[in-house]
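Below is start-v6.txt, which holds compact mmCIF, C-alpha atoms.
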```
# COMPACT_ATOMS: atom_id res chain seq x y z
CA MET T 27 151.28 61.24 112.54
CA THR T 28 151.24 57.78 111.03
CA ASP T 29 153.93 57.38 108.41
CA GLU T 30 153.97 53.69 107.49
CA MET T 31 153.51 53.05 103.79
CA GLY T 32 151.46 50.23 102.28
CA ASN T 33 152.16 48.32 99.05
CA ARG T 34 150.68 51.05 96.86
CA GLY T 35 152.57 53.84 98.63
CA GLU T 36 149.52 54.81 100.66
CA LEU T 37 149.86 55.86 104.26
CA GLU T 38 148.29 53.27 106.52
CA GLY T 39 146.92 53.34 110.01
CA GLU T 40 144.87 55.82 111.97
CA LEU T 41 145.51 59.48 111.23
CA THR T 42 146.76 61.01 114.45
CA VAL T 43 147.75 64.67 114.42
CA ASN T 44 149.23 66.70 117.25
CA LYS T 45 148.59 70.30 116.21
CA ASP T 46 151.43 71.54 118.42
CA ASP T 47 153.87 69.59 116.24
CA PHE T 48 153.09 72.12 113.47
CA ARG T 49 154.39 75.16 115.42
CA LEU T 50 157.22 77.10 113.83
CA GLY T 51 160.04 79.10 115.39
CA THR T 52 163.32 78.06 113.80
CA LEU T 53 164.58 76.90 110.41
CA GLU T 54 164.71 73.36 111.80
CA ASP T 55 161.05 73.71 112.80
CA GLU T 56 160.17 74.82 109.29
CA LEU T 57 161.87 71.78 107.77
CA ARG T 58 160.17 69.44 110.26
CA VAL T 59 156.75 71.04 109.72
CA ASP T 60 157.23 70.87 105.96
CA GLY T 61 157.71 67.12 106.30
CA LEU T 62 154.62 66.80 108.48
CA CYS T 63 152.62 68.79 105.95
CA ARG T 64 153.81 66.51 103.14
CA LYS T 65 152.57 63.48 105.08
CA LEU T 66 149.24 65.12 105.86
CA LEU T 67 148.82 66.18 102.23
CA MET T 68 149.51 62.60 101.12
CA ARG T 69 146.77 61.40 103.48
CA PHE T 70 144.50 64.01 101.92
CA TYR T 71 145.42 62.77 98.43
CA TYR T 72 144.67 59.13 99.28
CA GLN T 73 141.43 60.13 101.00
CA LEU T 74 140.35 61.88 97.80
CA MET T 75 141.08 58.67 95.89
CA GLU T 76 139.12 56.60 98.42
CA ASP T 77 136.24 59.05 98.02
CA GLY T 78 136.15 58.34 94.28
CA GLU T 79 138.25 61.11 92.75
CA THR T 80 140.36 60.14 89.76
CA PRO T 81 144.14 60.17 90.26
CA GLU T 82 144.29 63.26 88.02
CA ARG T 83 141.67 65.16 90.04
CA ALA T 84 143.19 64.07 93.37
CA THR T 85 146.60 65.26 92.17
CA PHE T 86 145.11 68.56 91.02
CA LEU T 87 143.38 69.23 94.36
CA ALA T 88 146.30 68.07 96.49
CA GLY T 89 148.66 70.21 94.41
CA GLY T 90 146.54 73.31 95.01
CA ALA T 91 146.43 72.62 98.74
CA ASP T 92 150.17 71.91 98.80
CA TYR T 93 151.01 75.24 97.16
CA PHE T 94 148.89 77.13 99.70
CA ILE T 95 149.94 75.15 102.79
CA ARG T 96 153.66 74.57 102.26
CA ASP T 97 154.64 77.57 100.15
CA PHE T 98 152.43 80.24 101.66
CA VAL T 99 151.18 79.32 105.15
CA VAL T 100 154.37 77.60 106.33
CA GLY T 101 157.03 79.11 104.05
CA ILE T 102 155.91 82.73 103.79
CA ARG T 103 153.55 83.36 106.71
CA GLN T 104 155.43 81.04 109.10
CA ARG T 105 152.13 79.88 110.60
CA ASN T 106 150.92 76.67 112.15
CA ILE T 107 148.47 75.31 109.57
CA PHE T 108 145.91 74.74 112.33
CA GLU T 109 145.85 78.37 113.53
CA GLU T 110 142.34 79.52 112.76
CA ARG T 111 142.93 82.99 111.36
CA PRO T 112 140.27 84.15 108.93
CA GLY T 113 141.75 86.15 106.07
CA ILE T 114 144.69 83.87 105.30
CA VAL T 115 143.20 82.64 102.00
CA ARG T 116 142.37 86.24 101.07
CA GLN T 117 146.01 87.23 101.67
CA PHE T 118 147.17 84.31 99.57
CA ALA T 119 144.79 84.78 96.64
CA GLY T 120 144.40 88.56 96.72
CA ASN T 121 148.06 89.44 97.15
CA TRP T 122 150.80 86.83 97.46
CA TYR T 123 149.73 84.61 94.55
CA ILE T 124 149.45 87.68 92.30
CA VAL T 125 152.85 89.18 93.13
CA SER T 126 154.61 85.79 93.24
CA THR T 127 153.37 84.45 89.92
CA LEU T 128 154.85 85.48 86.58
CA GLU T 129 151.45 85.53 84.86
CA PRO T 130 148.72 85.47 87.54
CA ASP T 131 145.58 83.95 86.13
CA LEU T 132 142.13 83.45 87.65
CA VAL T 133 141.77 79.95 86.18
CA GLU T 134 145.02 78.78 87.78
CA LEU T 135 144.19 80.56 91.04
CA SER T 136 140.73 78.97 91.10
CA GLY T 137 142.41 75.55 90.88
CA HIS T 138 144.55 76.34 93.90
CA LEU T 139 141.48 77.55 95.78
CA ALA T 140 139.57 74.35 94.94
CA GLY T 141 142.42 72.40 96.53
CA VAL T 142 142.46 74.65 99.60
CA ARG T 143 138.69 74.24 100.03
CA ALA T 144 138.89 70.45 99.69
CA PHE T 145 141.84 70.23 102.09
CA TYR T 146 140.09 72.20 104.82
CA ARG T 147 137.00 70.06 104.37
CA PHE T 148 139.27 67.05 104.90
CA LEU T 149 140.69 68.65 108.06
CA ARG T 150 137.18 69.46 109.30
CA SER T 151 136.04 65.86 108.71
CA ARG T 152 138.70 64.84 111.22
CA ASP T 153 137.82 67.60 113.72
CA LEU T 154 141.16 69.33 113.11
CA VAL T 155 139.55 72.71 112.37
CA SER T 156 136.27 74.21 113.52
CA GLU T 157 133.10 74.39 111.45
CA GLU T 158 133.23 78.20 111.71
CA PHE T 159 136.76 78.33 110.33
CA LEU T 160 135.84 75.98 107.50
CA ARG T 161 132.99 78.36 106.58
CA ASP T 162 135.48 81.26 106.58
CA ILE T 163 137.84 79.31 104.32
CA GLU T 164 135.02 78.34 101.94
CA ASN T 165 133.79 81.95 101.73
CA GLU T 166 137.29 83.24 101.04
CA CYS T 167 137.86 80.56 98.39
CA ALA T 168 134.57 81.49 96.69
CA ASP T 169 135.37 85.22 96.37
CA THR T 170 136.68 84.89 92.81
CA ASP T 171 135.21 88.23 91.66
CA PHE T 172 137.39 89.97 94.24
CA TYR T 173 140.48 88.04 93.11
CA ALA T 174 139.76 88.75 89.44
CA GLY T 175 139.58 92.45 90.30
CA ARG T 176 142.85 92.23 92.23
CA ILE T 177 144.61 90.61 89.28
CA SER T 178 143.24 93.25 86.88
CA SER T 179 144.12 96.12 89.16
CA PHE T 180 147.63 94.71 89.64
CA TRP T 181 148.28 94.99 85.91
CA GLU T 182 146.97 98.57 85.96
CA ILE T 183 149.43 99.81 88.60
CA THR T 184 151.46 102.77 87.45
CA GLY T 185 154.06 104.91 89.16
CA ASP T 186 153.89 104.66 92.93
CA GLY T 187 150.54 102.83 92.88
CA TYR T 188 151.80 99.54 94.30
CA GLY T 189 151.56 100.71 97.93
CA ALA T 190 147.89 101.60 97.58
CA TRP T 191 147.22 98.30 95.78
CA GLU T 192 148.99 96.33 98.53
CA ARG T 193 147.12 98.11 101.35
CA GLU T 194 143.77 97.02 99.84
CA CYS T 195 144.67 93.40 100.63
CA THR T 196 147.83 93.51 102.68
CA LEU T 197 150.14 90.72 103.71
CA LYS T 198 150.84 92.63 106.91
CA GLY T 199 149.04 91.45 109.98
CA LEU T 200 147.15 88.27 110.74
```

Could I get this file's structure written as structure tokens?
Amino acid sequence: MTDEMGNRGELEGELTVNKDDFRLGTLEDELRVDGLCRKLLMRFYYQLMEDGETPERATFLAGGADYFIRDFVVGIRQRNIFEERPGIVRQFAGNWYIVSTLEPDLVELSGHLAGVRAFYRFLRSRDLVSEEFLRDIENECADTDFYAGRISSFWEITGDGYGAWERECTLKGL
């Protein structure tokens, strides 16, 4: 991936991505992939700016994508960000975000999902993910009624109810 910086801190040159470079297996791989993701997310940020987004909006969207990609996909799921596995956004929004956030909130979650949607559109515009997978991502990002219900039902858990709640949208698998 191109990593030369211009005068304004923007990445310059043609965006070239080798998807195999994003494979994980060791701690060293995770650190390397994290760095590659940071560079790719910066390209995404500057593309948003070139497309007319304000710096504030570009930061907001890139931040949402960053949280999903680096914290969840790479850090928790240990996945290559280009693996096309439908359900990954659902796991993030319907389980991990809720249990990993002190005060899970649909407004905050919706912001993350807006960033995820925009990031995968960016990847699709460069033929880095398939049209079908982009549709899956967009559908999962749009399922806010489901996520609102998951947040509500999380706060209603009593006794041994966590296991049943978790099985409804499990982090296991995929």

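Nearest residue to Phe86 of chain T, choosing from T:Tyr123, T:Phe108, T:Tyr71, T:Phe172 and counting all atoms listed in the file: T:Tyr71.
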
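Here atom CA of Asp171 of chain T is placed at a distance of 16.0 Å from atom CA of Gly113 of chain T.
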
So which one's closest to Glu194 of chain T, T:Lys65, T:Ser156, T:Ile163, T:Arg116? Using all atoms listed in the file, please.
-> T:Arg116

All residues 9 Å or closer to Leu66 of chain T, only C-alpha atoms, same chain fewer than 5 positions away omitted, as a ChimeraX atom specification | /T:27,41,43,61,71

Expected file: the selected residues, C-alpha atoms, as an mmCIF file, in the frame of the given file:
```cif
data_model
loop_
_atom_site.group_PDB
_atom_site.id
_atom_site.type_symbol
_atom_site.label_atom_id
_atom_site.label_comp_id
_atom_site.auth_asym_id
_atom_site.auth_seq_id
_atom_site.Cartn_x
_atom_site.Cartn_y
_atom_site.Cartn_z
ATOM 1 C CA MET T 27 151.280 61.240 112.540
ATOM 2 C CA LEU T 41 145.510 59.480 111.230
ATOM 3 C CA VAL T 43 147.750 64.670 114.420
ATOM 4 C CA GLY T 61 157.710 67.120 106.300
ATOM 5 C CA TYR T 71 145.420 62.770 98.430
#
```

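For the residues T:Phe145, T:Ala168, T:Thr184, T:Leu53, ranking by smallest atom-to-atom distance to Leu74 of chain T using only C-alpha atoms places T:Phe145 first.
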
May I ask for the distance between atom CA of Leu197 of chain T and atom CA of Gly89 of chain T, given in Å to one decimal place?
->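 Atom CA of Gly89 of chain T lies at a distance of 22.6 Å from atom CA of Leu197 of chain T.
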
Test item: residues at most 7 Å from Val142 of chain T, all atoms listed in the file, excluding those fewer than 2 positions along its chain, as a list in words |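 These residues fall inside the cut-off: Gly90, Ala91, Phe94, His138, Leu139, Ala140, Ala144, Phe145 and Tyr146 of chain T.
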
From T:Tyr188, T:Lys45, T:Val59, T:Asn121, residue lying nearest Val155 of chain T [only C-alpha atoms] =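 Among T:Tyr188, T:Lys45, T:Val59, T:Asn121, it is T:Lys45 that comes nearest to Val155 of chain T.
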
Could you work out an axis-aligned bounding box for all listed atoms of segment 173-176 of chain T, with 6 Å added on each of the six sides, and give its centre and edge lengths in Å to one decimal, as lines of an AutoDock Vina configuration file?
```
center_x = 141.2
center_y = 90.2
center_z = 91.3
size_x = 15.3
size_y = 16.4
size_z = 15.7
```

Option closest in space to Trp122 of chain T, from T:Arg103, T:Arg83, T:Arg152, T:Arg96 [counting only C-alpha atoms] = T:Arg103

When distances are computed from only C-alpha atoms, which of T:Gly137, T:Glu110, T:Glu129, T:Arg150 shows the smallest separation from Ala88 of chain T?
->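 Checking each candidate against Ala88 of chain T, we get T:Gly137 as the closest.
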
Would you work out the distance separating atom CA of Leu160 of chain T from atom CA of Phe70 of chain T, expressed in Å to one decimal?
->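 Pair atom CA of Leu160 of chain T / atom CA of Phe70 of chain T returns 15.8 Å.
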
Could you tell me, as number ranges by chain, which residues have any atom at most 10 Å from (157.3, 70.2, 102.9), counting only C-alpha atoms?
-> T: 56-67, 92-93, 95-97, 100-101
